[in-house]
Amino acid sequence: MQQYENQALTIDSDKAQNGNISWQCPSNIAIIKYWGKYGRQLPRNPSISFTLDNARTSTSLAYKVRTSDATGIQLNFFFEGESNPAFQTKVEKFLSSIIDIFPFLNQLDLTIKSSNSFPHSAGIASSASAMGALALCLCSVEQNLFGTLQDEDEFYKKASYVARLGSGSACRSLYPVMGIWGERESAASSSNLFAIPWEQKVHQVFRSFHDDIMIVSKAEKSVSSRAGHGLMENNVYADLRYQQAKDRFDALLIALKDGDVATFGKIAEDEALTLHALMMASEPSYILMRPNTITMIEKIRAFRNKTGLQVFFSLDAGPNIHLLYPDEIKVAVKEFIQKELAPLCEDGTVIEDQVGSGPRKTA
Ligand code: PMV
């Protein structure tokens with residue numbers, strides 16, 4: 001089993017250089033959902049997601065070799081240009097938790113600046129793109145200081161491993177088109193420890209798929225994903241669910257390879273509804289969908305039945321609808337969105353996105 005604890009990664013301060021790294025990392029939308037975990041952020045079932053394009057976090061990390069005798073993580077954190085004590089504490093805690101992987105973090109003074117391409121208060125989870133970008137920055141620092149991540153595949157594997165420790169689903173955001181996380185025979189080289197790229201076995205039709213996000217509510221969710229994962233431990237359906245996710249995962253990989261959009265869409269919708277059914281069947285139960293989520297689902301299904309166009313929905317752990325459809329029908333679908341769905345969104349907010357080409361190093 002691959003582990004990245006490495007006490008050798010400490011700085012010999014005579015030679016070390018200061019530096020500044022920047023990465024942009026996109027968010028992702030899972031088609032097979034990760035819901036339920038164990039141990040140090042390990043998944044109960046395999047999951048697969050589309051990497052998005054427009055919804056991104058940009059993070060820069062400036063590091064200086066420490067000259068004071070301060071101990072522990074020394075960090076200044078800025079979100080959208082301003083200091084943000086809540087995020088600062090979260091990032092400090094995360095960096096302390098991975099000191100066994102990057103022991104040199106105790107020898108640096110860090111300034112991290114992070115911003116999102118999408119509005120902060122739009123009700124879109126940003127932990128996947130944020131943790132992805134941070135993990136990529138940390139691996140670049142390691143590469144700059146020690147030259148230990150020269151090999152590109154190794155670089156992304158480690159970054160994905162580190163992103164996973166920050167937020168499970170983040171580990172899938174590091175690859176173009178699609179990423180798989182969780183060990184499963186049908187996906188060669190898949191692992192519970194990091195995600196792997198899944199572009200080669202994906203039919204052309206899915207590589208330009210759209211994912212437009214209907215913002216049903218901008219409010220913060222009443223139950224966090226962390227608490228939701230926790231509630232799976234005593235969910236009476238848990239074992240059946242994990243088996244179902246594995247079976248659907250295998251079927252989805254075939255549909256993705258064959259360009260079978262109808263099967264893809266059925267699985268995507270079944271997964272979204274199962275995720276929310278699990279929440280409703282938790283103890284205590286909770287509901288994250290809002291009335292307009294259901295109204296939109298009905299409208300999407302009616303539109304599909306009437307027009308025969310292959311447009312489907314997915315949901316994250318929140319009320320917002322992700323509208324998934326192939327590029328060739330975009331004109332008709334955009335018109336449907338404007339007429340029927342946008343009026344049901346909070347302030348009419350729709351965020352247009354599509355499958356993207358993964359993270360970018362910007363400095
Ligand atoms: O990565 P977390 O702990 O925020 O969990 C994400 C869970 C879902 O978004 C609901 C599903 C997924 O696989 O992304």
# chains A, B, ... in the order shown; residues from 1 in each chain; ligands from 1

call {"tool": "residues_near_ligand", "arguments": {"ligand": "ligand 1", "cutoff": "9 Å", "atoms": "only C-alpha atoms and all ligand atoms", "output": "ChimeraX atom specification"}}
result
/A:28-37,41,46-49,125-128,164,166-172,181,224-226,228-229,272,275-276,315-318

call {"tool": "residues_around", "arguments": {"residues": "Val350 of chain A", "least_positions_apart": "3", "cutoff": "6 Å", "atoms": "only C-alpha atoms", "output": "PyMOL selection string"}}
result
chain A and resi 213-215

call {"tool": "select_by_dssp", "arguments": {"residues": "segment 259-358 of chain A", "states": "strand (DSSP E)", "output": "list of chain:residue names"}}
result
A:Phe312, A:Phe313, A:Ser314, A:Leu315, A:Ile321, A:His322, A:Leu323, A:Leu324, A:Tyr325, A:Val350, A:Ile351

call {"tool": "closest_atom_pairs", "arguments": {"of": "segment 298-333 of chain A", "to": "segment 50-53 of chain A", "cutoff": "12 Å", "atoms": "only C-alpha atoms", "output": "CSV"}}
result
residue,atom,partner,partner_atom,distance
A:Ser314,CA,A:Phe50,CA,11.5
A:His322,CA,A:Leu52,CA,11.5
A:Leu324,CA,A:Phe50,CA,10.3

call {"tool": "residues_around", "arguments": {"residues": "segment 8-20 of chain A", "least_positions_apart": "5", "cutoff": "9 Å", "atoms": "only C-alpha atoms", "output": "ChimeraX atom specification"}}
result
/A:60-66,101-108,141-142,144-146,363

call {"tool": "residues_around", "arguments": {"residues": "Lys113 of chain A", "least_positions_apart": "5", "cutoff": "12 Å", "atoms": "only C-alpha atoms", "output": "ChimeraX atom specification"}}
result
/A:20-24,57-63,75-84,87-88,91,130,133-134,137

call {"tool": "closest_residue", "arguments": {"among": "A:Lys90, A:Arg44, A:His210, A:Arg56", "to": "Lys330 of chain A", "atoms": "only C-alpha atoms"}}
result
A:His210

call {"tool": "atom_distance", "arguments": {"atom1": "atom CA of Tyr156 of chain A", "atom2": "atom CA of Leu193 of chain A"}}
result
12.4 Å

call {"tool": "atom_distance", "arguments": {"atom1": "atom CA of Ile321 of chain A", "atom2": "atom CA of Asp212 of chain A"}}
result
8.1 Å

call {"tool": "closest_residue", "arguments": {"among": "A:Ala302, A:Ala262, A:Met232, A:Leu323", "to": "Ala277 of chain A", "atoms": "only C-alpha atoms"}}
result
A:Met232
